[in-house]
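*Asks:* Below is the structure I would like to discuss, written out as structure tokens.
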Amino acid sequence: MTQTPPVTRQDFDAVMAPNYNPAAVIPVRGKGSRVWDQDNNEYIDLAGGIAVSALGHCHPAMVDALQAQSEQLWHLSNVMTNEPAIRLAQKLVASTFADRVYFCNSGAEANEAAFKLARRYANDHFGADKHEIISFKQAFHGRTLFTVSVGGQPKYTEGFGPVPGGLHHVPFNDLGALKAAISDRTCAVVMEPMQGEGGIVPATAEFIQGVRALCDAHNALLIFDEVQTGMGRTGHLYAYQAFGVAPDILTSAKGLGGGFPIGAMLATEQVAASLVVGTHGSTYGGNPLACAVAEAVIDQVNTPTLLAGVMTRNQKMRDALEALAAETGAFREIRGMGLLLGAEVSEAYAGQARAFLTAALEAGVMVLVAGPNVVRFAPALNIPEADLDQAMERFAVAVRKVVGQSTAAA
Ligand SMILES: *Cc1c(COP(=O)(O)O)cnc(C)c1O
């Protein structure tokens with residue numbers, strides 16, 4: 001057997017495009033909510049690969065589904081259909097507002113499909129003038145040129161122009177601003193029910209209801225980007241179910257595959273009808289391996305017990321974070337839904353959320369940031385409560401260290 005030489009973090013800088021700056025350690029193994037690096041250091045994972053690992057690492061039901069499918073059929077393309085794709089679509093339709101599903105491979109692709117469908121639908125029913133898309137400041141919808149342009153963070157489009165036209169951005173949770181911007185030229189309004197990358201900012205119930213009403217008044221489609229909030233993340237299968245407001249189109253990815261790449265666009269019958277044969281597609285979309293894994297994920301997630309467990313864990317984490325905020329003064333607000341929580345740093349640590357992430361990793365717990373001021377948590381939905389307790393203890397150690405250092409420096 002030939003021995004491959006070990007690779008290191010330094011090798012990354014030699015061969016990878018410089019668009020990422022990953023942590024100094026390289027994880028090699030994960031089980032449940034624990035991860036081990038090349039040196040066998042152990043971490044508790046409260047990041048979940050950015051709200052992806054809904055059931056933790058190497059969940060037996062997912063491993064079984066992947067192994068079984070890997071011995072049956074890997075790929076055919078969309079010239080043929082396959083059993084896992086049809087079954088997964090049936091499950092998504094049975095559990096949501098949607099009648100139709102389109103599969104792709106990522107969140108950006110799901111949104112790309114949603115935006116194209118919204119334009120096509122408006123074109124079919126109202127004519128080409130109805131093509132404007134309204135989205136919200138601080139929104140994130142992916143990194144393709146169309147999706148970054150619809151997203152509300154100018155830093156992601158800088159230098160990539162010209163960008164697609166007909167796009168408007170208004171402040172989130174500001175119904176007056178939307179009312180001023182929407183018109184009969186608007187084909188769709190797209191929003192995250194809770195902004196993820198933008199800092200863990202939930203929509204208010206009044207806002208989300210008002211957006212629906214404005215869309216209806218102007219024959220505009222309402223698109224919910226649930227790439228981050230979907231698949232049980234908020235304690236509901238999809239977050240819109242907490243608000244009692246259904247969209248016309250919904251996009252899902254991240255947790256849907258639990259770590260295997262897949263995206264989906266869900267739509268009503270009437271809207272999906274505009275995506276006639278030949279209008280859109282993807283070579284890998286609906287791949288049997290991805291759909292078999294996602295089917296195992298939805299079977300595990302979409303149960304009253306698991307979803308109730310998300311709420312229990314939400315309270316536990318909130319209590320721990322509130323106590324830590326009171327003790328250290330590091331955080332001014334703890335917010336979020338289900339197991340997608342944010343701790344906004346207080347004035348003294350403005351712009352320094354990443355310092356808490358770095359200290360947390362050193363203390364053996366993986367967390368995320370959402371912008372410069374928010375530490376974000378997206379653990380597995382089934383994280384054992386003992387792991388969660390231990391993770392919060394480790395995070396407390398990290399926060400006390402950051403606070404102590406800044407006190408010492410002052
Ligand atoms: C992550 C994310 C996306 C992009 O998903 P990718 O799989 O990275 O393309 C889109 N929308 C939201 C809300 C997200 O959180």
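Quick note on naming: the chains in the structure tokens go A, B, ... in the order shown, residues restart at 1 in each chain, and ligands are numbered from 1 in order of appearance.
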If the limit is 7 Å from any atom of ligand 1, counting only C-alpha atoms and all ligand atoms, which residues qualify? Return them as a list in words.
*Replies:*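 So, counting only C-alpha atoms and all ligand atoms, the residues near ligand 1 are Ser106, Gly107, Ala108, Glu109, Asn111, Phe140, His141, Gly142, Arg143, Glu192, Gln195, Gly196, Glu197, Asp225, Glu226, Val227, Gln228, Ala253 and Lys254 of chain A.
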*Asks:* At a cut-off of 12 Å, using only C-alpha atoms, what residues contact stretch 4-6 of chain A? Leave out same-chain residues fewer than 3 positions from it and give the result as a list in words.
*Replies:* Met1, Arg9, Gln10, Asp11, Ile26, Val28, Gln38 and Asp39 of chain A
*Asks:* Save out the residues we just selected, N, CA, C and O atoms, as a CSV table (one decimal), in the first residue's frame.
*Replies:*
chain,number,residue,atom,x,y,z
A,1,MET,N,0.9,-1.2,0.0
A,1,MET,CA,0.0,0.0,0.0
A,1,MET,C,0.9,1.2,0.0
A,1,MET,O,1.8,1.3,0.8
A,9,ARG,N,-2.6,22.3,7.4
A,9,ARG,CA,-3.2,23.6,7.2
A,9,ARG,C,-2.4,24.5,6.3
A,9,ARG,O,-2.9,25.3,5.5
A,10,GLN,N,-1.0,24.4,6.4
A,10,GLN,CA,-0.2,25.2,5.5
A,10,GLN,C,-0.3,24.9,4.1
A,10,GLN,O,-0.3,25.7,3.2
A,11,ASP,N,-0.6,23.6,3.8
A,11,ASP,CA,-0.8,23.2,2.4
A,11,ASP,C,-2.0,23.9,1.8
A,11,ASP,O,-2.1,24.1,0.6
A,26,ILE,N,-7.4,21.0,11.5
A,26,ILE,CA,-8.2,20.3,10.5
A,26,ILE,C,-8.9,19.1,11.2
A,26,ILE,O,-8.3,18.2,11.6
A,28,VAL,N,-10.9,15.7,11.5
A,28,VAL,CA,-10.8,14.5,10.7
A,28,VAL,C,-12.0,13.5,10.9
A,28,VAL,O,-12.2,12.6,10.2
A,38,GLN,N,-6.8,16.6,13.7
A,38,GLN,CA,-5.7,15.7,13.3
A,38,GLN,C,-4.9,15.3,14.5
A,38,GLN,O,-4.2,14.2,14.5
A,39,ASP,N,-4.8,16.2,15.6
A,39,ASP,CA,-4.1,15.9,16.8
A,39,ASP,C,-4.9,15.2,17.9
A,39,ASP,O,-4.5,15.1,19.0
*Asks:* Go through stretch 28-85 of chain A and flag each residue having an atom no more than 12 Å from stretch 320-340 of chain A; for those, report the closest pair of atoms plus their distance in Å to one decimal, using only C-alpha atoms, ordered by chain and rising number, as CSV.
*Replies:*
residue,atom,partner,partner_atom,distance
A:Leu46,CA,A:Leu339,CA,9.4
A:Ala47,CA,A:Leu340,CA,9.6
A:Gly48,CA,A:Leu340,CA,10.5
A:Ile50,CA,A:Leu340,CA,9.8
A:Ala51,CA,A:Leu340,CA,7.7
A:Val52,CA,A:Leu340,CA,11.2
A:Ser53,CA,A:Leu339,CA,11.8
A:Ala54,CA,A:Leu339,CA,9.8
*Asks:* Could you pull the residues within 9 Å of A:Ile383, counting only C-alpha atoms, minus those fewer than 3 positions along the same chain, as a VMD selection string?
*Replies:* chain A and resid 32 to 33 46 55 to 56 313 379 to 380 386 to 388
*Asks:* Mind checking DSSP for stretch 266-343 of chain A and telling me the strand (DSSP E) residues as a PyMOL selection string?
*Replies:* chain A and resi 266-267+331-337+340-343
*Asks:* Quick one: of A:Gly210, A:Gly286, A:Gly351, A:Pro202, who's nearest to A:Asn78, counting only C-alpha atoms?
*Replies:*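 Looking at the shortest contact to A:Asn78, the residue is A:Gly286.
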*Asks:* Using only C-alpha atoms, what table do you get, as a tab-separated table, when you list each residue of stretch 208-230 of chain A with an atom no more than 9 Å from stretch 118-130 of chain A, its nearest pair of atoms, and their distance in Å rounded to one decimal, rows by chain then rising number?
*Replies:*
residue	atom	partner	partner_atom	distance
A:Asn219	CA	A:Ala122	CA	8.6
A:Ala220	CA	A:Ala122	CA	8.0
A:Leu221	CA	A:Ala118	CA	6.8
A:Ile223	CA	A:Ala118	CA	8.6
*Asks:* So the first atom is atom CA of A:Thr204 and the second is atom CA of A:Asn173; what is the distance between them in Å, to one decimal place?
*Replies:*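 We find that atom CA of A:Thr204 and atom CA of A:Asn173 lie 6.6 Å from each other.
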*Asks:* Could you pull out the alpha helix (DSSP H) residues of stretch 131-218 of chain A, going by DSSP on the backbone, and write them as a list of chain:residue names?
*Replies:* A:Leu145, A:Phe146, A:Thr147, A:Val148, A:Ser149, A:Val150, A:Leu175, A:Gly176, A:Ala177, A:Leu178, A:Lys179, A:Ala180, A:Ala181, A:Ala205, A:Glu206, A:Phe207, A:Ile208, A:Gln209, A:Gly210, A:Val211, A:Arg212, A:Ala213, A:Leu214, A:Cys215, A:Asp216, A:Ala217
*Asks:* Check the smallest atom-to-atom distance from each of A:Gly151, A:Pro171, A:Gly49, A:Gly232 to A:Leu307 using only C-alpha atoms, then report the winner.
*Replies:*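 So, comparing all the options, the nearest one is A:Gly232.
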*Asks:* What is the atom CA of A:Asp248 to atom CA of A:Tyr156 distance in Å?
*Replies:*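 Distance between the two atoms: 27.0 Å.
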*Asks:* As an exercise, work out the distance from atom CA of A:Ser95 to atom CA of A:Thr147 in Å and give it to one decimal place.
*Replies:*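 So the two atoms, atom CA of A:Ser95 and atom CA of A:Thr147, lie 26.7 Å apart.
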*Asks:* For A:Gly152, which residue among A:Pro164, A:Val35, A:His75, A:Val170 is the nearest when counting only C-alpha atoms?
*Replies:*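 Among the listed residues, A:Val170 lies closest to A:Gly152.
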*Asks:* Env of A:Val399: 8 Å cut, atoms = only C-alpha atoms, seq-sep filter 2 positions within chain, self excluded. Answer as a ChimeraX atom specification.
*Replies:* /A:328,330,356,359-360,395-397,401-403
*Asks:* Report as a list in words all protein, DNA and RNA residues lying within 12 Å of A:Pro162, evaluated on only C-alpha atoms, omitting residues in the same chain fewer than 5 positions from it.
*Replies:* Leu145, Phe146, Ser149 and Thr157 of chain A
